file model.cif (mmCIF, C-alpha atoms and all ligand atoms)
data_model
#
loop_
_atom_site.label_atom_id
_atom_site.label_comp_id
_atom_site.auth_asym_id
_atom_site.auth_seq_id
_atom_site.Cartn_x
_atom_site.Cartn_y
_atom_site.Cartn_z
CA THR A 26 -22.09 -106.88 -12.56
CA GLY A 27 -25.01 -109.15 -11.81
CA HIS A 28 -27.40 -106.63 -13.37
CA THR A 29 -25.86 -106.47 -16.82
CA THR A 30 -28.35 -107.05 -19.63
CA ILE A 31 -27.35 -107.36 -23.22
CA ASP A 32 -28.79 -105.10 -25.91
CA TYR A 33 -27.35 -105.81 -29.34
CA GLY A 34 -27.38 -102.69 -31.47
CA PHE A 35 -28.60 -100.57 -28.50
CA VAL A 36 -32.18 -101.08 -29.59
CA ASN A 37 -33.55 -100.42 -26.09
CA THR A 38 -30.84 -98.54 -24.29
CA ALA A 39 -30.59 -94.75 -24.07
CA ALA A 40 -27.03 -93.57 -23.56
CA THR A 41 -27.93 -89.97 -22.79
CA LYS A 42 -30.61 -87.33 -22.43
CA SER A 43 -30.65 -84.86 -25.30
CA ALA A 44 -32.47 -81.61 -26.10
CA ILE A 45 -31.34 -81.32 -29.70
CA THR A 46 -33.44 -83.48 -32.02
CA TYR A 47 -36.82 -85.10 -31.63
CA ILE A 48 -37.85 -88.09 -33.74
CA ASP A 49 -41.13 -89.99 -33.70
CA GLY A 50 -40.43 -92.99 -35.89
CA ASP A 51 -44.03 -94.19 -36.01
CA GLU A 52 -45.38 -90.83 -37.09
CA GLY A 53 -42.48 -89.88 -39.36
CA ILE A 54 -41.69 -86.72 -37.37
CA LEU A 55 -38.29 -85.02 -37.24
CA ARG A 56 -37.65 -81.74 -35.42
CA TYR A 57 -34.48 -79.82 -34.64
CA ARG A 58 -34.84 -77.96 -31.31
CA GLY A 59 -38.61 -78.20 -31.77
CA TYR A 60 -38.74 -76.84 -35.33
CA PRO A 61 -40.21 -79.23 -37.94
CA ILE A 62 -37.66 -80.32 -40.53
CA GLU A 63 -40.06 -79.41 -43.35
CA GLN A 64 -40.07 -75.74 -42.30
CA LEU A 65 -36.33 -75.53 -41.80
CA ALA A 66 -35.57 -77.24 -45.12
CA LYS A 67 -37.73 -74.77 -47.03
CA ALA A 68 -36.86 -71.51 -45.30
CA SER A 69 -33.56 -71.71 -43.44
CA SER A 70 -29.88 -71.97 -44.35
CA TYR A 71 -27.17 -74.49 -43.50
CA LEU A 72 -25.38 -72.13 -41.12
CA GLU A 73 -28.57 -70.89 -39.47
CA VAL A 74 -29.61 -74.47 -38.72
CA ALA A 75 -26.08 -75.23 -37.52
CA TRP A 76 -26.33 -72.37 -35.02
CA LEU A 77 -29.76 -73.58 -33.96
CA LEU A 78 -28.47 -77.09 -33.31
CA ILE A 79 -25.33 -75.93 -31.53
CA TYR A 80 -26.72 -73.07 -29.42
CA GLY A 81 -30.34 -74.17 -29.02
CA GLU A 82 -32.11 -71.09 -30.44
CA LEU A 83 -32.28 -69.45 -33.86
CA PRO A 84 -29.63 -66.75 -34.24
CA THR A 85 -30.56 -63.08 -34.62
CA ALA A 86 -29.64 -61.60 -38.00
CA ASP A 87 -26.58 -59.93 -36.42
CA GLU A 88 -25.44 -63.11 -34.69
CA LEU A 89 -25.73 -65.08 -37.91
CA ASP A 90 -23.89 -62.41 -39.90
CA ALA A 91 -21.02 -62.25 -37.44
CA TRP A 92 -20.74 -66.03 -37.27
CA ASP A 93 -20.87 -66.43 -41.05
CA HIS A 94 -18.16 -63.77 -41.36
CA ARG A 95 -16.00 -65.51 -38.77
CA ILE A 96 -16.39 -68.89 -40.48
CA ARG A 97 -15.45 -67.39 -43.86
CA ARG A 98 -12.22 -66.07 -42.35
CA HIS A 99 -11.20 -69.57 -41.31
CA THR A 100 -11.61 -71.40 -44.61
CA LEU A 101 -7.93 -71.48 -45.59
CA LEU A 102 -5.99 -74.67 -44.95
CA HIS A 103 -2.40 -74.48 -43.85
CA GLU A 104 -0.24 -74.81 -46.99
CA ASP A 105 1.58 -77.78 -45.46
CA LEU A 106 -1.71 -79.58 -44.95
CA LYS A 107 -2.39 -79.22 -48.66
CA ARG A 108 0.69 -81.34 -49.30
CA PHE A 109 -0.89 -84.07 -47.19
CA PHE A 110 -3.22 -84.80 -50.10
CA SER A 111 -0.36 -85.53 -52.49
CA ALA A 112 0.92 -88.27 -50.17
CA LEU A 113 -2.26 -90.29 -50.79
CA PRO A 114 -2.87 -92.49 -53.83
CA PRO A 115 -5.08 -91.11 -56.63
CA THR A 116 -7.50 -93.96 -56.00
CA ALA A 117 -8.03 -92.86 -52.37
CA HIS A 118 -11.68 -92.83 -51.38
CA PRO A 119 -12.68 -89.25 -50.51
CA MET A 120 -14.19 -90.43 -47.20
CA SER A 121 -10.83 -91.83 -46.06
CA VAL A 122 -9.17 -88.62 -47.19
CA LEU A 123 -11.75 -86.57 -45.26
CA SER A 124 -11.41 -88.47 -41.99
CA SER A 125 -7.63 -88.56 -42.06
CA ALA A 126 -7.28 -84.88 -43.02
CA THR A 127 -9.73 -83.97 -40.23
CA ALA A 128 -7.63 -85.90 -37.74
CA ALA A 129 -4.58 -84.15 -39.19
CA LEU A 130 -6.16 -80.72 -38.55
CA SER A 131 -5.68 -81.45 -34.88
CA THR A 132 -1.90 -81.42 -35.38
CA TYR A 133 -2.08 -77.73 -36.36
CA TYR A 134 -4.50 -76.57 -33.69
CA GLU A 135 -3.89 -78.93 -30.75
CA HIS A 136 -2.84 -75.99 -28.56
CA GLU A 137 -6.16 -74.24 -29.20
CA SER A 138 -8.54 -77.17 -28.95
CA ASP A 139 -8.77 -77.89 -25.22
CA PRO A 140 -12.29 -79.25 -24.55
CA ASP A 141 -12.31 -77.55 -21.15
CA ASN A 142 -11.59 -74.10 -22.54
CA PRO A 143 -14.82 -72.50 -23.87
CA ASP A 144 -12.91 -70.14 -26.21
CA HIS A 145 -11.09 -73.10 -27.71
CA VAL A 146 -14.37 -74.94 -28.15
CA GLU A 147 -15.84 -71.95 -30.05
CA LEU A 148 -12.75 -71.57 -32.21
CA THR A 149 -12.58 -75.29 -33.03
CA THR A 150 -16.27 -75.30 -33.93
CA VAL A 151 -15.66 -72.44 -36.37
CA ARG A 152 -12.52 -74.07 -37.76
CA LEU A 153 -14.28 -77.36 -38.43
CA LEU A 154 -17.28 -75.71 -40.09
CA ALA A 155 -14.96 -73.60 -42.24
CA LYS A 156 -12.33 -76.16 -43.17
CA LEU A 157 -14.23 -79.43 -43.59
CA PRO A 158 -15.92 -78.34 -46.83
CA VAL A 159 -12.54 -77.24 -48.19
CA ILE A 160 -10.98 -80.59 -47.32
CA ALA A 161 -13.97 -82.32 -48.90
CA ALA A 162 -13.62 -80.33 -52.11
CA TYR A 163 -9.88 -81.04 -52.24
CA ALA A 164 -10.57 -84.75 -51.78
CA HIS A 165 -12.85 -84.44 -54.82
CA LYS A 166 -10.32 -82.46 -56.86
CA LYS A 167 -7.63 -84.95 -55.96
CA SER A 168 -9.79 -87.87 -57.10
CA ILE A 169 -10.21 -86.28 -60.53
CA GLY A 170 -6.65 -84.98 -60.77
CA GLN A 171 -7.50 -81.27 -60.84
CA ALA A 172 -5.75 -78.38 -59.12
CA PHE A 173 -7.08 -77.12 -55.77
CA LEU A 174 -8.72 -73.70 -55.74
CA TYR A 175 -8.41 -71.25 -52.88
CA PRO A 176 -11.73 -70.52 -51.17
CA ASP A 177 -13.49 -67.37 -52.33
CA ASN A 178 -14.71 -65.88 -49.09
CA SER A 179 -17.01 -63.41 -50.79
CA LEU A 180 -19.27 -66.38 -51.49
CA SER A 181 -21.82 -68.01 -49.18
CA PHE A 182 -20.97 -71.29 -47.49
CA VAL A 183 -22.71 -73.45 -50.10
CA ASP A 184 -21.62 -71.39 -53.13
CA ASN A 185 -18.02 -71.42 -51.97
CA PHE A 186 -18.25 -75.18 -51.62
CA LEU A 187 -19.71 -75.60 -55.11
CA ARG A 188 -17.00 -73.43 -56.64
CA LEU A 189 -14.24 -75.32 -54.84
CA ASN A 190 -15.64 -78.55 -56.26
CA PHE A 191 -16.53 -77.52 -59.79
CA GLY A 192 -14.60 -74.35 -60.50
CA VAL A 193 -11.38 -74.57 -62.49
CA MET A 194 -8.43 -72.23 -62.26
CA SER A 195 -8.46 -69.15 -64.47
CA GLU A 196 -12.16 -69.47 -65.24
CA GLN A 197 -15.03 -67.62 -63.64
CA TYR A 198 -17.35 -70.12 -61.97
CA GLU A 199 -21.04 -69.43 -62.48
CA ILE A 200 -23.21 -70.45 -59.54
CA ASN A 201 -26.43 -72.12 -60.63
CA PRO A 202 -29.00 -70.97 -58.06
CA VAL A 203 -31.07 -74.12 -58.53
CA VAL A 204 -28.11 -76.31 -57.64
CA SER A 205 -27.11 -74.04 -54.79
CA GLN A 206 -30.56 -74.02 -53.20
CA ALA A 207 -31.01 -77.75 -53.64
CA LEU A 208 -27.65 -78.48 -52.02
CA GLU A 209 -28.42 -76.14 -49.12
CA ARG A 210 -31.67 -77.99 -48.58
CA LEU A 211 -30.07 -81.42 -48.72
CA LEU A 212 -27.39 -80.36 -46.24
CA ILE A 213 -30.05 -79.04 -43.84
CA LEU A 214 -31.91 -82.36 -44.04
CA HIS A 215 -28.73 -84.15 -42.95
CA GLU A 216 -27.69 -81.82 -40.14
CA ASP A 217 -28.78 -83.95 -37.24
CA HIS A 218 -30.46 -87.23 -36.46
CA GLU A 219 -30.01 -87.73 -32.71
CA GLN A 220 -28.07 -90.81 -31.54
CA ASN A 221 -27.23 -92.48 -34.87
CA ALA A 222 -24.02 -94.51 -35.14
CA SER A 223 -21.71 -91.65 -36.15
CA THR A 224 -23.10 -89.19 -33.60
CA SER A 225 -22.86 -91.82 -30.87
CA THR A 226 -19.26 -92.35 -31.97
CA VAL A 227 -18.52 -88.64 -31.69
CA ARG A 228 -20.02 -88.61 -28.20
CA LEU A 229 -18.15 -91.74 -27.11
CA VAL A 230 -14.80 -90.48 -28.36
CA GLY A 231 -15.53 -87.04 -26.89
CA SER A 232 -16.43 -88.60 -23.54
CA THR A 233 -12.79 -89.58 -23.11
CA GLY A 234 -11.78 -85.91 -23.21
CA ALA A 235 -10.64 -86.03 -26.85
CA ASN A 236 -10.96 -82.74 -28.77
CA GLN A 237 -13.49 -81.99 -31.49
CA PHE A 238 -11.09 -82.75 -34.35
CA SER A 239 -10.46 -86.28 -33.12
CA SER A 240 -14.10 -86.86 -32.24
CA VAL A 241 -15.39 -85.63 -35.60
CA SER A 242 -12.77 -87.64 -37.48
CA ALA A 243 -14.03 -90.76 -35.68
CA GLY A 244 -17.60 -89.79 -36.58
CA ILE A 245 -16.65 -89.56 -40.26
CA ASN A 246 -15.25 -93.08 -40.11
CA ALA A 247 -18.47 -94.37 -38.56
CA LEU A 248 -20.50 -92.64 -41.25
CA TYR A 249 -18.45 -94.28 -44.01
CA GLY A 250 -20.09 -97.72 -43.64
CA PRO A 251 -22.76 -98.75 -46.16
CA LEU A 252 -25.38 -99.34 -43.46
CA HIS A 253 -25.05 -95.69 -42.41
CA GLY A 254 -23.94 -92.74 -44.59
CA GLY A 255 -22.28 -95.00 -47.15
CA ALA A 256 -25.79 -96.05 -48.19
CA ASN A 257 -26.18 -93.09 -50.55
CA GLU A 258 -23.20 -94.28 -52.58
CA ALA A 259 -24.38 -97.89 -52.33
CA VAL A 260 -27.83 -96.94 -53.69
CA LEU A 261 -26.35 -95.50 -56.86
CA ASP A 262 -24.04 -98.46 -57.31
CA MET A 263 -27.04 -100.76 -56.87
CA LEU A 264 -29.13 -98.87 -59.44
CA ALA A 265 -26.25 -98.85 -61.92
CA ARG A 266 -25.71 -102.58 -61.41
CA ILE A 267 -29.37 -103.33 -62.05
CA ARG A 268 -29.31 -101.18 -65.19
CA ASP A 269 -26.09 -102.75 -66.50
CA SER A 270 -27.06 -106.33 -65.72
CA GLY A 271 -30.31 -106.08 -67.63
CA GLU A 272 -31.98 -107.87 -64.70
CA SER A 273 -35.60 -106.81 -64.18
CA VAL A 274 -36.41 -104.76 -61.08
CA GLN A 275 -38.89 -107.44 -60.06
CA ARG A 276 -36.20 -110.11 -60.21
CA PHE A 277 -33.81 -107.95 -58.18
CA VAL A 278 -36.48 -107.48 -55.51
CA GLU A 279 -36.98 -111.25 -55.42
CA ARG A 280 -33.28 -111.70 -54.75
CA VAL A 281 -33.47 -109.17 -51.90
CA LYS A 282 -36.45 -111.00 -50.39
CA ASN A 283 -34.69 -114.35 -50.63
CA LYS A 284 -31.63 -112.74 -49.03
CA GLU A 285 -29.54 -114.15 -51.89
CA ASP A 286 -25.86 -113.35 -51.23
CA GLY A 287 -27.05 -111.07 -48.42
CA VAL A 288 -28.23 -108.52 -51.00
CA LYS A 289 -30.28 -105.69 -49.48
CA LEU A 290 -32.36 -102.95 -50.97
CA MET A 291 -30.01 -100.10 -50.19
CA GLY A 292 -31.69 -96.84 -49.16
CA PHE A 293 -34.57 -98.77 -47.62
CA GLY A 294 -35.31 -99.39 -43.95
CA HIS A 295 -34.44 -97.47 -40.84
CA ARG A 296 -33.89 -98.26 -37.19
CA VAL A 297 -36.36 -95.59 -36.03
CA TYR A 298 -38.64 -94.75 -38.95
CA LYS A 299 -41.27 -97.44 -39.27
CA ASN A 300 -43.81 -95.44 -41.24
CA TYR A 301 -41.86 -93.16 -43.55
CA ASP A 302 -38.70 -91.08 -43.38
CA PRO A 303 -39.80 -87.42 -43.57
CA ARG A 304 -36.42 -86.53 -45.09
CA ALA A 305 -36.94 -89.01 -47.94
CA LYS A 306 -40.22 -87.33 -48.83
CA LEU A 307 -38.49 -83.94 -49.13
CA VAL A 308 -35.56 -85.41 -51.04
CA LYS A 309 -37.85 -87.08 -53.55
CA GLU A 310 -39.59 -83.76 -54.22
CA SER A 311 -36.18 -82.15 -54.71
CA ALA A 312 -35.02 -84.90 -57.06
CA ASP A 313 -37.85 -84.23 -59.47
CA ALA A 314 -37.47 -80.47 -59.24
CA VAL A 315 -33.67 -80.37 -59.62
CA LEU A 316 -33.52 -82.77 -62.54
CA ALA A 317 -36.33 -80.90 -64.29
CA GLU A 318 -34.63 -77.52 -63.73
CA LEU A 319 -31.28 -78.82 -64.93
CA GLY A 320 -32.91 -80.51 -67.89
CA VAL A 321 -31.35 -83.82 -66.87
CA HIS A 322 -33.13 -87.04 -67.65
CA ASP A 323 -31.55 -89.82 -65.65
CA PRO A 324 -32.87 -93.34 -66.27
CA LEU A 325 -31.56 -94.23 -62.81
CA LEU A 326 -34.24 -91.96 -61.30
CA ASP A 327 -36.90 -93.89 -63.23
CA LEU A 328 -35.35 -97.11 -62.01
CA ALA A 329 -35.37 -95.86 -58.40
CA LYS A 330 -39.05 -94.94 -58.68
CA GLU A 331 -39.92 -98.33 -60.13
CA LEU A 332 -38.00 -100.04 -57.36
CA GLU A 333 -39.76 -97.98 -54.70
CA GLU A 334 -43.16 -98.70 -56.20
CA ILE A 335 -42.57 -102.45 -56.33
CA ALA A 336 -41.12 -102.59 -52.81
CA LEU A 337 -43.89 -100.51 -51.23
CA ASN A 338 -46.47 -102.88 -52.67
CA ASP A 339 -44.67 -106.01 -51.58
CA GLU A 340 -45.59 -107.95 -48.48
CA TYR A 341 -41.94 -108.52 -47.47
CA PHE A 342 -41.29 -104.79 -47.16
CA GLN A 343 -44.73 -104.01 -45.75
CA GLN A 344 -44.46 -106.61 -42.98
CA ARG A 345 -41.03 -105.34 -41.97
CA ARG A 346 -42.13 -101.71 -42.32
CA LEU A 347 -39.35 -100.86 -44.71
CA TYR A 348 -39.63 -97.51 -46.50
CA PRO A 349 -37.22 -95.38 -48.51
CA ASN A 350 -34.84 -93.53 -46.21
CA VAL A 351 -32.99 -90.26 -46.76
CA ASP A 352 -30.32 -91.98 -48.83
CA PHE A 353 -32.63 -93.43 -51.47
CA TYR A 354 -32.96 -90.35 -53.71
CA THR A 355 -30.05 -88.13 -52.67
CA GLY A 356 -27.54 -89.84 -54.95
CA VAL A 357 -29.59 -89.15 -58.07
CA ILE A 358 -29.55 -85.43 -57.19
CA TYR A 359 -25.85 -85.32 -56.34
CA LYS A 360 -25.13 -87.07 -59.62
CA ALA A 361 -27.19 -84.51 -61.56
CA MET A 362 -25.19 -81.77 -59.82
CA GLY A 363 -22.01 -83.35 -61.15
CA PHE A 364 -20.62 -85.04 -58.03
CA PRO A 365 -18.95 -88.42 -58.59
CA THR A 366 -20.55 -91.29 -56.67
CA ARG A 367 -17.62 -91.53 -54.28
CA MET A 368 -18.32 -87.99 -53.04
CA PHE A 369 -21.88 -88.73 -51.91
CA THR A 370 -21.04 -89.83 -48.38
CA VAL A 371 -18.65 -86.90 -48.04
CA LEU A 372 -21.62 -84.60 -48.72
CA PHE A 373 -23.50 -86.42 -45.95
CA ALA A 374 -20.56 -85.75 -43.63
CA ILE A 375 -20.57 -82.01 -44.39
CA GLY A 376 -24.30 -82.06 -43.71
CA ARG A 377 -23.96 -83.95 -40.43
CA LEU A 378 -21.06 -81.91 -39.05
CA PRO A 379 -23.22 -79.37 -37.15
CA GLY A 380 -25.09 -82.23 -35.45
CA TRP A 381 -21.83 -83.86 -34.40
CA LEU A 382 -20.62 -80.56 -32.98
CA ALA A 383 -23.90 -79.93 -31.16
CA HIS A 384 -23.81 -83.39 -29.58
CA TRP A 385 -20.14 -83.16 -28.68
CA ARG A 386 -20.94 -79.91 -26.85
CA GLU A 387 -24.07 -81.26 -25.16
CA MET A 388 -21.98 -84.18 -23.92
CA GLN A 389 -19.11 -81.92 -22.84
CA TYR A 390 -21.33 -79.51 -20.87
CA ASP A 391 -23.53 -82.18 -19.26
CA PRO A 392 -22.92 -82.14 -15.49
CA GLN A 393 -23.64 -85.87 -15.47
CA LYS A 394 -21.11 -86.66 -18.17
CA LYS A 395 -19.14 -89.85 -17.75
CA ILE A 396 -16.71 -91.68 -19.95
CA GLY A 397 -18.68 -94.05 -22.23
CA ARG A 398 -17.82 -97.58 -21.25
CA PRO A 399 -20.27 -100.37 -22.18
CA GLN A 400 -20.47 -103.60 -20.20
CA GLN A 401 -20.12 -107.07 -21.69
CA LEU A 402 -21.29 -110.55 -20.83
CA TYR A 403 -18.19 -112.71 -20.73
CA VAL A 404 -18.71 -116.04 -22.52
CA GLY A 405 -15.09 -117.21 -22.82
CA SER A 406 -13.11 -119.92 -21.11
CA PRO A 407 -13.12 -120.19 -17.29
CA GLU A 408 -9.77 -119.87 -15.52
CA ARG A 409 -7.15 -122.38 -16.71
CA ASP A 410 -3.43 -122.86 -16.13
CA TYR A 411 -0.79 -121.88 -18.64
CA PRO A 412 0.75 -125.22 -19.74
CA ARG A 413 4.30 -125.99 -18.56
CA ARG A 414 6.68 -126.28 -21.51
N1 LIG A 501 -33.45 -104.59 -47.63
C1 LIG A 501 -33.96 -105.81 -47.35
N2 LIG A 501 -34.32 -106.23 -46.12
C2 LIG A 501 -34.14 -105.37 -45.11
C3 LIG A 501 -33.61 -104.09 -45.32
C4 LIG A 501 -33.25 -103.70 -46.63
N3 LIG A 501 -32.75 -102.49 -46.89
N4 LIG A 501 -33.53 -103.44 -44.14
C5 LIG A 501 -34.00 -104.29 -43.22
N5 LIG A 501 -34.37 -105.47 -43.80
C6 LIG A 501 -34.97 -106.63 -43.15
C7 LIG A 501 -33.94 -107.39 -42.35
O1 LIG A 501 -33.31 -108.36 -43.15
C8 LIG A 501 -34.80 -107.99 -41.27
O2 LIG A 501 -35.52 -109.05 -41.83
P1 LIG A 501 -35.66 -110.47 -41.04
O3 LIG A 501 -36.45 -110.14 -39.82
O4 LIG A 501 -36.34 -111.37 -42.02
O5 LIG A 501 -34.24 -110.90 -40.74
C9 LIG A 501 -35.80 -106.88 -40.97
O6 LIG A 501 -35.91 -106.15 -42.19
C10 LIG A 501 -35.40 -105.95 -39.85
O7 LIG A 501 -34.15 -105.35 -40.18
P2 LIG A 501 -32.96 -105.10 -39.18
O8 LIG A 501 -31.68 -105.31 -39.90
O9 LIG A 501 -33.17 -105.82 -37.90
O10 LIG A 501 -33.16 -103.53 -38.89
P3 LIG A 501 -32.11 -102.56 -38.21
O11 LIG A 501 -32.88 -101.53 -37.52
O12 LIG A 501 -31.08 -103.32 -37.44
O13 LIG A 501 -31.34 -101.94 -39.48
C11 LIG A 501 -30.80 -100.54 -41.29
C12 LIG A 501 -31.62 -100.69 -40.02
C13 LIG A 501 -30.94 -99.09 -41.80
C14 LIG A 501 -29.32 -100.80 -40.99
C15 LIG A 501 -31.31 -101.53 -42.36
O14 LIG A 501 -32.65 -101.25 -42.66
C16 LIG A 501 -30.47 -101.54 -43.62
O15 LIG A 501 -29.45 -102.23 -43.68
N6 LIG A 501 -30.86 -100.76 -44.69
C17 LIG A 501 -30.05 -100.64 -45.88
C18 LIG A 501 -28.92 -99.65 -45.66
C19 LIG A 501 -29.39 -98.23 -45.62
O16 LIG A 501 -30.14 -97.78 -46.49
N7 LIG A 501 -28.89 -97.45 -44.64
C20 LIG A 501 -29.20 -96.02 -44.49
C21 LIG A 501 -29.98 -95.74 -43.26
S1 LIG A 501 -30.70 -94.08 -43.24
C22 LIG A 501 -29.40 -92.90 -43.24
C23 LIG A 501 -28.26 -93.21 -42.36
O17 LIG A 501 -28.40 -93.41 -41.15
O18 LIG A 501 -27.14 -93.23 -42.87
#
call {"tool": "encode", "arguments": {"input": "model.cif", "output": "structure tokens"}}
result
Amino acid sequence: TGHTTIDYGFVNTAATKSAITYIDGDEGILRYRGYPIEQLAKASSYLEVAWLLIYGELPTADELDAWDHRIRRHTLLHEDLKRFFSALPPTAHPMSVLSSATAALSTYYEHESDPDNPDHVELTTVRLLAKLPVIAAYAHKKSIGQAFLYPDNSLSFVDNFLRLNFGVMSEQYEINPVVSQALERLLILHEDHEQNASTSTVRLVGSTGANQFSSVSAGINALYGPLHGGANEAVLDMLARIRDSGESVQRFVERVKNKEDGVKLMGFGHRVYKNYDPRAKLVKESADAVLAELGVHDPLLDLAKELEEIALNDEYFQQRRLYPNVDFYTGVIYKAMGFPTRMFTVLFAIGRLPGWLAHWREMQYDPQKKIGRPQQLYVGSPERDYPRR
């Protein structure tokens, strides 16, 4: 139309109203349904925050118990779906495995995933929350060539997930409470972040009437990219490369500033946070605590701190208001917990799942909902005739 304006990267265009998450990028504020992220991260649980995001209020103790119980009863994957993993190459990236297996879930539950049927929506929400961590753990097990474990539904959400990842058959798996609490906290920090690229993808796909399995699978693919969730993996790769190359941190920062080969300081910068990322602050605290508790000394953490220090005192980063984001320190913690680098973004996906589900639902139940369909400004050839041959 004559009124179309262009907005690369949607820097100035709101696609929806939302009552889920509030961010003030200048002040470094993040709240879920009004509750400050700092309070939730310290005191709440992954599933409690998931309920909060999805239903808008904190659950009562009975509601949370019943929901937790229901989710535990849905953790099993269909045995046939387990064979899906063996069809993929051992080198498969766990993020590709996660998105394709999530899409494949739809083939089992298509008949109970109608977006217009509220009971189906509830059931699919529960199924995704229950099964995604299992798929994620199997993607991990597959990548290291170990046998899959069945979920142990006597365990909490996070403990079950840890056991599925690190337990081995015929051996009792001991939960380390430090690891368990730290992972719970990290997952909470990732649960929602309003209209980021993956959440916007979930909404866009959902706006066509696609079910939650298809929408979430699309969201996982959007999260995979290194400018989004893939950044946590990219940060660790960057730190390892600096360490292995023997290049000084100062020299690396110079290369970033000169935009040599398009190299960026991964884990730095954010579209909305122009002061600091409140999640990064909490993650950094956790990194020190977890490594100390586990007795791990990781030179990559020292390298990360040196890099942060140099960048924060450098005019290039100051002028552009670039600060560490949530991904800068998470990888060091995941590594200390024993996760391979290629699992980092998968952990982000498990964290973000409740946010995707909350947004899918907000979109679905919005009386003003409309299929997402951006405009374009056509800049191609004017009409011309197909040549006679
Ligand atoms: N290293 C070096 N320079 C940077 C960086 C960085 N990490 N981030 C932004 N800049 C520069 C950019 O080159 C530009 O400079 P100039 O004006 O000279 O061209 C200026 O800062 C503004 O950047 P932009 O690309 O216009 O900012 P954006 O809002 O489009 O991009 C971003 C945001 C997160 C994609 C970007 O900061 C980035 O690529 N960061 C590295 C990847 C990363 O850590 N992503 C995780 C984001 S947080 C969690 C998540 O959402 O997954």
call {"tool": "residues_near_ligand", "arguments": {"input": "model.cif", "ligand": "ligand LIG 501 (chain A)", "cutoff": "7 Å", "atoms": "all atoms listed in the file", "output": "PDB file with C-alpha atoms, keeping the file's coordinate frame"}}
result
ATOM      1  CA  ASN A 221     -27.230 -92.480 -34.870  1.00  0.00           C
ATOM      2  CA  LEU A 248     -20.500 -92.640 -41.250  1.00  0.00           C
ATOM      3  CA  PRO A 251     -22.760 -98.750 -46.160  1.00  0.00           C
ATOM      4  CA  LEU A 252     -25.380 -99.340 -43.460  1.00  0.00           C
ATOM      5  CA  HIS A 253     -25.050 -95.690 -42.410  1.00  0.00           C
ATOM      6  CA  GLY A 254     -23.940 -92.740 -44.590  1.00  0.00           C
ATOM      7  CA  GLY A 255     -22.280 -95.000 -47.150  1.00  0.00           C
ATOM      8  CA  ALA A 256     -25.790 -96.050 -48.190  1.00  0.00           C
ATOM      9  CA  VAL A 281     -33.470-109.170 -51.900  1.00  0.00           C
ATOM     10  CA  LYS A 282     -36.450-111.000 -50.390  1.00  0.00           C
ATOM     11  CA  LYS A 289     -30.280-105.690 -49.480  1.00  0.00           C
ATOM     12  CA  LEU A 290     -32.360-102.950 -50.970  1.00  0.00           C
ATOM     13  CA  MET A 291     -30.010-100.100 -50.190  1.00  0.00           C
ATOM     14  CA  GLY A 292     -31.690 -96.840 -49.160  1.00  0.00           C
ATOM     15  CA  PHE A 293     -34.570 -98.770 -47.620  1.00  0.00           C
ATOM     16  CA  GLY A 294     -35.310 -99.390 -43.950  1.00  0.00           C
ATOM     17  CA  HIS A 295     -34.440 -97.470 -40.840  1.00  0.00           C
ATOM     18  CA  ARG A 296     -33.890 -98.260 -37.190  1.00  0.00           C
ATOM     19  CA  ARG A 345     -41.030-105.340 -41.970  1.00  0.00           C
ATOM     20  CA  LEU A 347     -39.350-100.860 -44.710  1.00  0.00           C
ATOM     21  CA  ASN A 350     -34.840 -93.530 -46.210  1.00  0.00           C
ATOM     22  CA  VAL A 351     -32.990 -90.260 -46.760  1.00  0.00           C
ATOM     23  CA  ASP A 352     -30.320 -91.980 -48.830  1.00  0.00           C
TER      24      ASP A 352
END
call {"tool": "closest_residue", "arguments": {"input": "model.cif", "among": "A:Leu55, A:Val230, A:Leu83, A:Ile160", "to": "A:Leu106", "atoms": "all atoms listed in the file"}}
result
A:Ile160
call {"tool": "closest_residue", "arguments": {"input": "model.cif", "among": "A:Pro303, A:Pro114, A:Pro379, A:Pro140", "to": "A:Pro61", "atoms": "only C-alpha atoms"}}
result
A:Pro303
call {"tool": "closest_residue", "arguments": {"input": "model.cif", "among": "A:Phe109, A:Tyr341, A:Phe191, A:Phe182", "to": "A:Ala128", "atoms": "only C-alpha atoms"}}
result
A:Phe109
call {"tool": "atom_distance", "arguments": {"input": "model.cif", "atom1": "atom CA of A:Ser270", "atom2": "atom CA of A:Asp323"}}
result
17.1 Å
call {"tool": "residues_around", "arguments": {"input": "model.cif", "residues": "A:Asn37", "least_positions_apart": "6", "cutoff": "12 Å", "atoms": "only C-alpha atoms", "output": "PDB file with C-alpha atoms, in the coordinates of the input"}}
result
ATOM      1  CA  THR A  30     -28.350-107.050 -19.630  1.00  0.00           C
ATOM      2  CA  ILE A  31     -27.350-107.360 -23.220  1.00  0.00           C
ATOM      3  CA  ARG A 296     -33.890 -98.260 -37.190  1.00  0.00           C
ATOM      4  CA  VAL A 297     -36.360 -95.590 -36.030  1.00  0.00           C
TER       5      VAL A 297
END
call {"tool": "closest_residue", "arguments": {"input": "model.cif", "among": "A:Tyr298, A:Tyr71, A:Tyr411, A:Phe364", "to": "A:Ala161", "atoms": "all atoms listed in the file"}}
result
A:Phe364
